[in-house]
Structure formats: C-alpha cells, structure tokens
Amino acid sequence: MANYKDSSLPVEERLKDLMQRMTFEEKIDQITCLVTITEEIPDFKEYVPNGIGNVGAFTVADSVEEVVKYADKLQRYLVNETRLGIPALIHCEACAGAQYTEADVFPSAIAQASTFDPAIVEQMADIIRRQMLYVGFRQALSPVMDVDRDPRWGRMTETYGEDAALVSAMSSAFVRGIQSEDIKKGILATAKHFAGHGVTEGGINMGRNLVSERDLLEIHCKPFQCAITEANLKSVMNSYCSINGEPVVGSKKMLTEILRNALGFRGFVVSDYLSLDRLVDPFSVAATFEEAGIQAIEAGLDVEYPRPKGFHYRMKEAVNDGRLSISVIDQAVERVLRLKFEMGIFENPYPDLRKLKKTLHLEETERLNEKIAEESFILLKNENNVLPLSKQIKKLAVVGPHADNIRSLFGTFSYPAVIDMTMSREEDGQDFEEPGVIIYDIDQEYIGQVRDTSPRVNKQIQKDFPKAKTLYQKLKEYLPDTEVVFAKGINCAGTELGGIEEAVRAAADADVVLLTLGGKNGWGSTSTVGEGVDATDIDLPGAQEEFARKIYGLHKNTVVLHYDGRPLSNEFTASHFNAIVEVWQPGEMGSSALCRLLFGEVNPSGRLPVTVARNTGQLPIYYGLPRGSGYVAAGHTGMIRNKNGYINDTAEPLYYFGHGLSYTSFEYSDMKIEEKVVRASSVIKVEALIKNTGDCDGTEVVQMYFTDAVSQMVRPTMELAGFARVELKKGEEKKVRFEMKVSQFAFLNRDMQWFVEKGNYIISLGASCRDIRLQEQLQVADSAVIDGRTRGFYAKAEVVQNISRRSKP
C-alpha cells in the first residue's frame, strides 16, 4: 500500500508521498473544479479523465436518493478508476440549509442575524453539517461574512448585517457548528467574500470597492479574523471586487499579505465563481486566461471555481519558460490535499443514505427551525397595541403578493430558489449547457415586470417541502373557527393593478387585515432582490405603495407583514399603519412561527441588524458612522449647518440599528462595572439587572455599546460591544453579565498598528443604539500596541437569576 493511503501515518508524510507521485496534470486537477447541471448523472470519465479536486453540486434532483447516487458515482469513479484515486471535495451553498432537495431550509441569513442569537445559529449549522456529511458534500460555501452597509446591494439578504461585532459573533458560531470540533466529521466552512464585498460602489454587485485600508482592516476583515482565531476557519472565498485598483482575486496584498501574514489564515482560498474571468474582462488586467491564472495563483489563490480556465494544463508552458514557479503550484495543491487528509476523505469519501435519512425531516429540527423564525421576526411598530391579535376574530383577510405564495418563505441561497431559477429558465425555453455552465452565466436583465412565481414552481416547492405552508394555508389551520379569506391584489413587482379592487373588497369585509408587502428574493428577472439583483430604489417594489394606500384608506385594523431581503424603507407604510412586522424569508416553518407570534403565543424578540434608511438619498447610513459624519453629526458645530442634516429632509433613519419591540416592557437598573480603571491587557466585567415589568413573558435583547471619548483617530460615534438575549417571565428579574477584553477597544493608529489608547470610554446598555437605558464611564490607564489576531471581537455574555432581588410569585 502506498504511504499516502496509510491512515496510520502522519498527514505531512502522506502528503509528501502523494505529491511525489503526481504528474503536472494531476496537480492541476486538484486545484480546479467541475460543475454539472443535468437531469442525468454525467459520465465523469468523459469530463475528468484524470480526476478532479473539487465539484460543485448543483444537480437538481427529484429525490435525495438521486443526490446520493450522484455523489456516490462520482467518488467511486475517482477512487477506483483514476490513477491515484484521490476523492473530490464536493461543495454546495449552505447559509440557510444544504442546497439539495429534501434538506431542511432555515430562515435566510439576515433573518438569522435578527435573532442576535449565535447559539441557535451554531445549532442550525450543526444540523446542516450532518445533512451535508451523509449526502457526501464536505464543503459549504458559507457563511457570508460581508459587513453590508448598502441596501441597494441585492446580497444583503445573505449577510449578518452592518455591524462587524454582530457579524463576527454570528459567523464564528456558524463556522463552529458546521466544521465541528472533529474535522473528520465536519464540513469545511468557506467564509466569503474576502473582503469588503458589502460596500461596493453604487451598491452594484462585483463593483469597485471604495473602502479605505483602515476600514478594510478594522471593519471588513474583523469577522474573518474572528473566525480564524476563534473557530479555526479552514477555507476562504475571494471577493469579486477591486480594491485600490487591484482585483481581489489577483491581489497578493489581499490574499497573502493581509489574509495569511496579517490574519494568520492557514487553510486554502477558493475563487468565487468565474472571478478569474473578471481579470480578463471587465477588469482587463490580464490579456489571456493564462495570464489571469498566473496572477491569481501567485497572489495566493489556491483553487479555481467553477471550471479550469486560468488554472489549466497550459500552465505547464509558463513553468517551463520560467514565468511561473512549480513551487507556487505545489503550494496550492498541498493546501488542498492537506485538508483532504485531515478530514479523512481518503478513508471515507462516500455518502451514507441510511444515516442521511435519519437526519432529514426530524421533529426536533422543525422545532429549531420554527424557533429561529420566531426569534427573527422584528416588531417594528405596535401603536394602540394592535398586536397580539385575538383568536376570536370572526373574519380575517390576508392579502398581498406573499399571502399565499410558498416561494416567499425562501431566500436566494436555498434549494427552493434554485427550483424557481431553473424551472423559470425552462419555461422561457432556455436550457443549461453541460458541463459547467452555471447560474452566473444567466442573462439577469431586469425586465420591469418581474416574473411572478409560476404555479408550476410553487407546486414543485410544495411537493419537495410538504411541511412548508403559505401564510394563508397556515392561518386556515390555525384558526378553525375564523373565516379566513385571501386576495392577492398585486404582483410582487411591476405595474399591473388589476387585482387590487378584489383585495380591497376582501379587506373591507373583514374584521382584521394582514397586508403582506415586500420583494422577492432570488436570481435574475424572477426576483427584485438577490445576487446580481441590485436596485437604485430600496422602496417597496412595483406598485405596492399604491396598493398599501388603498388598504389603509379602509381604516381597518391592519397588520403589515414585510417579506424581503432588505428592510422596509417606505415612509408611508411606516408612518400610517399601526402594526408592522419584519418577516424577511422565514424558512420552511415560517408561517407556523408567524401565526404563533401574531396571536401572542410567542412574544417578538427580533432586532434590526441594519439601520433602515428612509430613502436611497440617505445612503450610506449606519449607526457606527464616524464622528462628524451622517445623521449622528446633523446639527453639530460649524459655520453653516442644518439641524436636520439635509435641507429638504431629515438625516435620521426610519428605524435604528438594534430596534425591535415586544408585547411586554423591560426595566434596566443597577449597572456596575467591576473595575473603573483598567489596563490594556485587562478584561472588563459589566453587569446590570433586567426586569420584565409588563403583562406577559418576553425576551429582551440587551445591547452593550462603547464610545471612545477622545482618540488620536476619528472613531465611530458608538460601537456594539456585545449582546445578550434575556428570557423573563412576567415580573421576573435577571442579571446580565458581560465580559469584554479591553483589546476590543483597539484600532489602527497612525502607524497602522493595533493600538489600545489610554483614556476614558463610555459603556452603554440599551434596547437599541438609540434606546440607551444605562451608562457608566471607565478609564484605560495605559496605552499598548497589541496583537490584532488575539484582540477582543465581541463581549461574551451570561444571564443569571438575580438571587438578591428575585420577584415574589
């Protein structure tokens, strides 16, 4: 037996033995990829006669058995019919569930962020891990660690929001859950998109990134550094963008000097799909794909997705004539193979249908799925206590484009969205070529009248996910003694108004109206938001405001339910309706969870992970604006100033970061900081009492912020330090404790060193960045240059029963 096949030997010995046996072509195969989109399982020997290192699993199948058959046939071919028998790393998207038929689909990432609950995200990721492991997929192209500060960008829905500390906490939780402590049972997390992809020029996907180097390192690299330090992140995907004139995929500064040398990353880097193409066109920094491949691999890219165009056998010519060192190729190959050995893929490459079946459609998974949705819903407004509703309603009207649409439950990177995209393409008479032509090759032109989800697509989604129910379907089950009526009224987008009068009649005759508004999340002309689906207008799409005005004119008891991948930015709706809930895309169990929340079985506890703009003209708008900028600076000193910020409008957002209401009320008291004078190497301990002073049980999301009072560099007005979900019975009081490294105060000084500066800092506790309840000041007694890799990223929190002031029964 060859040494590389002997699992008892050390990884490095096995790796050295295998590398010595490989031909040039076999090495290149390990750093390239195959993607197939076909109804039939292809003849792999025809496409990859020498083997392949990486495979994108995008085969649309009628059953999970077919997916298993695909993975099994692929690996058995590679192991048994290629010379060296090296298994492939099969990957898929996974931010809201493994992207294959029958796998559980959870709420979208932006909804997960709204929970402010890293623990529940880690539990979810562990379920995704098992469902990927046994289907034979060992790499997840997730999570998205982009800090997104521009809602024009359609990919906001894939992110954990605008704040680097929140994104760090949620991302690291996902990585821990999906990779597990034992990587032999884990799935490689692939963090994306390194780095700064969420703040592109004009909000257009893949555009130029205008972020400064300071903001890049302090903000946009922070989640990646956190996941590397805390969760041993194994894989990273490059951003499509260019920064400072360099495409990231070909930037040695980004992929080697920053990612590896500064952040200490030790895994391998994969290209986002077709990003090497962008070096040739449109960036035009390489005349040929050969040049593009050389640039990228020398910069630090290890694997090209989705097919070999730059990383190609023709690289041999460049090695032979001295333009490329073979050691650079060997380095990339070794990084890939090392992880394959560490993961045990050589010993166990095959899927296991029997074990897989035991992970699918479990009651405990459905309960967790529903709980994530419950925690993600944000009660934006509840004047006159419209919510919760009474189950004694005689007639309930549920109207709007999402009221009876199963597709509305699911975000872009979910299997139902894949079904929608592929079936819609078929309905247009367009077929996928094979192999390797993928969704990114689709013409995604916006055609004005966004295609509504076809009955055929919804029927297929309902067949594949029988537990999922539309809101209308679930309401009829949930309220057996209530007459529940439905009228669509209007399409998600476009100018067609033909159904409005029917919806208005249905609403006029009802006691309560549930008005569903918002966009559709997916790919191309089937959607209003998603990857490559960016917008100059962040308002309600199409004629939805006109529809909302008609419903409002009835002056009925109305609850607005906003389904979308970006938050509600419509001033009419926000100012006129008394009750508004941000729903996002709530996943398979979303309608069940929403019914429970609307009727008071669940108390809303979601919080906004983004600042909500009133209109596009306010952008960029986020709570952590540097002092002197944006709405936080409106009315400040200056020769000429406007107290509102703009001459024609306010600079204040529609809703603030961290905002979210409850059916009950909470009181904050007794804030204490253990030591008011600390050193740069210290840990700060902060505690306070939180009491439920309302009439029902509920959960408060306590947010801790800090402000550097005076600093040598312009710093944010405030920064999120940490957060805690505090569950409280009616009348109950608990203590919340935060522990935060002083090094979390660190910033890059004038010499671009990570630096904790002595001076005064304000620590704040509150229910949002604007709703601050308690404040204390502390002093850092010394300045220090620190190791940025091990600095604090977010405060750890603990909730305990308050023994001294426990409420009486």
# chains A, B, ... in the order shown; residues from 1 in each chain; ligands from 1

call {"tool": "select_by_dssp", "arguments": {"residues": "segment 374-417 of chain A", "states": "strand (DSSP E)", "output": "list of chain:residue names"}}
result
A:Ile378, A:Leu379, A:Leu380, A:Lys381, A:Asn382, A:Lys395, A:Leu396, A:Ala397, A:Val398, A:Val399

call {"tool": "residues_around", "arguments": {"residues": "Ala88 of chain A", "least_positions_apart": "2", "cutoff": "6 Å", "atoms": "only C-alpha atoms", "output": "short mmCIF file (atom, residue, chain, number, x, y, z; two decimals) with C-alpha atoms, in the first residue's frame"}}
result
data_model
loop_
_atom_site.label_atom_id
_atom_site.label_comp_id
_atom_site.auth_asym_id
_atom_site.auth_seq_id
_atom_site.Cartn_x
_atom_site.Cartn_y
_atom_site.Cartn_z
CA GLY A 53 -10.21 18.02 -6.93
CA ASN A 54 -13.45 19.94 -6.44
CA ILE A 90 -17.99 18.31 -3.17
#

call {"tool": "select_by_dssp", "arguments": {"residues": "segment 260-406 of chain A", "states": "helix (DSSP H, G or I)", "output": "MDAnalysis selection string"}}
result
chainID A and resid 260:262 275:280 289:299 315:320 326:342 353:357 363:376 383:385 406

call {"tool": "write_last_selection", "arguments": {"atoms": "C-alpha atoms", "output": "short mmCIF file (atom, residue, chain, number, x, y, z; two decimals), in the first residue's frame"}}
result
data_model
loop_
_atom_site.label_atom_id
_atom_site.label_comp_id
_atom_site.auth_asym_id
_atom_site.auth_seq_id
_atom_site.Cartn_x
_atom_site.Cartn_y
_atom_site.Cartn_z
CA ARG A 260 -2.23 34.92 5.56
CA ASN A 261 0.51 37.13 7.00
CA ALA A 262 -1.59 39.59 9.00
CA SER A 275 -13.81 35.59 -10.79
CA LEU A 276 -10.73 34.73 -12.87
CA ASP A 277 -12.81 35.62 -15.93
CA ARG A 278 -13.05 39.14 -14.50
CA LEU A 279 -9.28 39.58 -14.65
CA VAL A 280 -9.59 39.28 -18.43
CA PHE A 289 -6.72 33.31 -19.18
CA GLU A 290 -3.18 32.01 -18.95
CA GLU A 291 -2.04 35.39 -17.60
CA ALA A 292 -5.06 35.50 -15.28
CA GLY A 293 -4.19 32.11 -13.83
CA ILE A 294 -0.59 33.11 -13.18
CA GLN A 295 -1.65 36.36 -11.50
CA ALA A 296 -4.17 34.65 -9.25
CA ILE A 297 -2.08 31.69 -8.11
CA GLU A 298 0.93 33.89 -7.42
CA ALA A 299 -1.33 36.22 -5.43
CA MET A 315 0.26 26.49 -17.08
CA LYS A 316 2.99 23.95 -17.83
CA GLU A 317 4.30 26.24 -20.55
CA ALA A 318 4.62 29.07 -18.07
CA VAL A 319 6.54 26.78 -15.68
CA ASN A 320 8.82 25.59 -18.47
CA ILE A 326 6.30 24.98 -9.90
CA SER A 327 6.65 25.62 -6.17
CA VAL A 328 3.73 28.06 -6.36
CA ILE A 329 1.52 25.37 -7.89
CA ASP A 330 2.75 22.78 -5.40
CA GLN A 331 1.89 25.11 -2.51
CA ALA A 332 -1.73 25.39 -3.68
CA VAL A 333 -2.03 21.65 -4.27
CA GLU A 334 -0.58 20.86 -0.86
CA ARG A 335 -3.06 23.17 0.88
CA VAL A 336 -5.97 21.33 -0.73
CA LEU A 337 -4.62 17.81 -0.18
CA ARG A 338 -3.59 18.52 3.40
CA LEU A 339 -7.15 19.29 4.33
CA LYS A 340 -8.45 16.24 2.47
CA PHE A 341 -6.14 14.11 4.59
CA GLU A 342 -7.09 15.92 7.80
CA LEU A 353 -28.08 7.13 2.60
CA ARG A 354 -29.13 5.20 5.71
CA LYS A 355 -27.56 7.74 8.08
CA LEU A 356 -28.73 10.62 5.90
CA LYS A 357 -32.35 9.53 6.17
CA GLU A 363 -39.35 16.91 14.58
CA GLU A 364 -36.54 18.42 16.65
CA THR A 365 -35.13 20.09 13.52
CA GLU A 366 -38.53 21.52 12.66
CA ARG A 367 -38.87 22.85 16.20
CA LEU A 368 -35.47 24.53 15.96
CA ASN A 369 -36.33 25.88 12.50
CA GLU A 370 -39.55 27.35 13.86
CA LYS A 371 -37.74 28.82 16.87
CA ILE A 372 -35.20 30.59 14.65
CA ALA A 373 -38.07 32.10 12.67
CA GLU A 374 -39.84 33.16 15.88
CA GLU A 375 -36.71 34.86 17.18
CA SER A 376 -36.06 36.56 13.83
CA GLU A 383 -49.28 51.53 18.25
CA ASN A 384 -52.55 51.08 20.14
CA ASN A 385 -51.47 47.51 20.94
CA ILE A 406 -44.87 29.30 -0.80
#

call {"tool": "closest_atom_pairs", "arguments": {"of": "segment 55-174 of chain A", "to": "segment 550-571 of chain A", "cutoff": "7 Å", "atoms": "only C-alpha atoms", "output": "tab-separated table"}}
result
residue	atom	partner	partner_atom	distance
A:Pro151	CA	A:Arg566	CA	6.1
A:Met156	CA	A:Arg566	CA	6.4
A:Thr157	CA	A:Gly565	CA	4.4

call {"tool": "closest_residue", "arguments": {"among": "A:Tyr705, A:Phe346, A:Phe486, A:Tyr655", "to": "Asn80 of chain A", "atoms": "only C-alpha atoms"}}
result
A:Phe346

call {"tool": "residues_around", "arguments": {"residues": "Val686 of chain A", "least_positions_apart": "2", "cutoff": "9 Å", "atoms": "only C-alpha atoms", "output": "list in words"}}
result
Met671, Lys672, Ile673, Glu674, Glu675, Ile684, Ala688, Val736, Arg737, Phe738, Glu739, Met740 and Ile763 of chain A

call {"tool": "residues_around", "arguments": {"residues": "Gly587 of chain A", "least_positions_apart": "5", "cutoff": "10 Å", "atoms": "only C-alpha atoms", "output": "list in words"}}
result
Ala96, Gly97, Asp104, Val105, Phe106, Pro107, Ser108, Ala111, Asn369, Glu370, Ile372, Ala373, Ile406, Arg407, Ser408, Leu409, Phe410, Gly411, Ser414, Ala468, Lys469 and Ala593 of chain A

call {"tool": "write_last_selection", "arguments": {"atoms": "C-alpha atoms", "output": "CSV table (one decimal), in the first residue's frame"}}
result
chain,number,residue,atom,x,y,z
A,96,ALA,CA,-29.8,28.6,5.2
A,97,GLY,CA,-29.5,24.9,4.8
A,104,ASP,CA,-34.2,21.4,5.7
A,105,VAL,CA,-34.4,25.0,4.8
A,106,PHE,CA,-34.0,27.6,7.6
A,107,PRO,CA,-34.6,31.4,7.6
A,108,SER,CA,-32.3,33.5,5.5
A,111,ALA,CA,-33.2,36.8,9.5
A,369,ASN,CA,-36.3,25.9,12.5
A,370,GLU,CA,-39.5,27.4,13.9
A,372,ILE,CA,-35.2,30.6,14.6
A,373,ALA,CA,-38.1,32.1,12.7
A,406,ILE,CA,-44.9,29.3,-0.8
A,407,ARG,CA,-41.9,30.8,-2.6
A,408,SER,CA,-42.0,33.8,-0.3
A,409,LEU,CA,-40.7,31.8,2.6
A,410,PHE,CA,-37.3,31.2,1.0
A,411,GLY,CA,-34.2,33.3,0.2
A,414,SER,CA,-31.9,28.0,-0.8
A,468,ALA,CA,-44.0,24.3,4.5
A,469,LYS,CA,-47.2,26.2,4.3
A,593,ALA,CA,-44.0,30.7,13.6

call {"tool": "closest_atom_pairs", "arguments": {"of": "segment 302-393 of chain A", "to": "segment 177-184 of chain A", "cutoff": "9 Å", "atoms": "only C-alpha atoms", "output": "tab-separated table"}}
result
residue	atom	partner	partner_atom	distance
A:Glu342	CA	A:Lys184	CA	6.8
A:Met343	CA	A:Lys184	CA	4.2
A:Gly344	CA	A:Lys184	CA	5.4
A:Ile345	CA	A:Lys184	CA	7.8

call {"tool": "atom_distance", "arguments": {"atom1": "atom CA of Val683 of chain A", "atom2": "atom CA of Val742 of chain A"}}
result
5.6 Å

call {"tool": "residues_around", "arguments": {"residues": "segment 794-799 of chain A", "least_positions_apart": "4", "cutoff": "8 Å", "atoms": "only C-alpha atoms", "output": "list in words"}}
result
Ala165, Leu166, Ser168, Ala169, Leu720, Ala721, Gly722, Phe723, Ala724, Val726, Lys734, Lys735, Val736, Arg737, Phe738, Glu739, Met740, Lys741 and Gln744 of chain A

call {"tool": "write_last_selection", "arguments": {"atoms": "C-alpha atoms", "output": "short mmCIF file (atom, residue, chain, number, x, y, z; two decimals), in the first residue's frame"}}
result
data_model
loop_
_atom_site.label_atom_id
_atom_site.label_comp_id
_atom_site.auth_asym_id
_atom_site.auth_seq_id
_atom_site.Cartn_x
_atom_site.Cartn_y
_atom_site.Cartn_z
CA ALA A 165 -19.09 42.64 16.05
CA LEU A 166 -22.50 41.12 15.29
CA SER A 168 -18.20 38.22 13.88
CA ALA A 169 -20.30 36.55 16.57
CA LEU A 720 -21.55 47.37 19.54
CA ALA A 721 -19.53 45.57 22.20
CA GLY A 722 -21.81 42.60 22.80
CA PHE A 723 -25.39 41.47 23.35
CA ALA A 724 -27.48 39.00 25.34
CA VAL A 726 -32.60 37.65 28.43
CA LYS A 734 -32.36 38.56 35.98
CA LYS A 735 -28.81 39.75 35.96
CA VAL A 736 -26.89 40.03 32.69
CA ARG A 737 -23.10 39.96 32.81
CA PHE A 738 -20.72 40.94 30.03
CA GLU A 739 -17.02 40.17 29.87
CA MET A 740 -15.05 42.11 27.30
CA LYS A 741 -11.36 42.27 26.58
CA GLN A 744 -11.73 45.17 21.83
#

call {"tool": "atom_distance", "arguments": {"atom1": "atom CA of Leu217 of chain A", "atom2": "atom CA of Ile258 of chain A"}}
result
8.5 Å

call {"tool": "residues_around", "arguments": {"residues": "Thr536 of chain A", "least_positions_apart": "2", "cutoff": "8 Å", "atoms": "only C-alpha atoms", "output": "ChimeraX atom specification"}}
result
/A:152,534,538,616

call {"tool": "closest_residue", "arguments": {"among": "A:Tyr100, A:Arg149, A:Pro349, A:Phe44", "to": "Gly136 of chain A", "atoms": "only C-alpha atoms"}}
result
A:Pro349
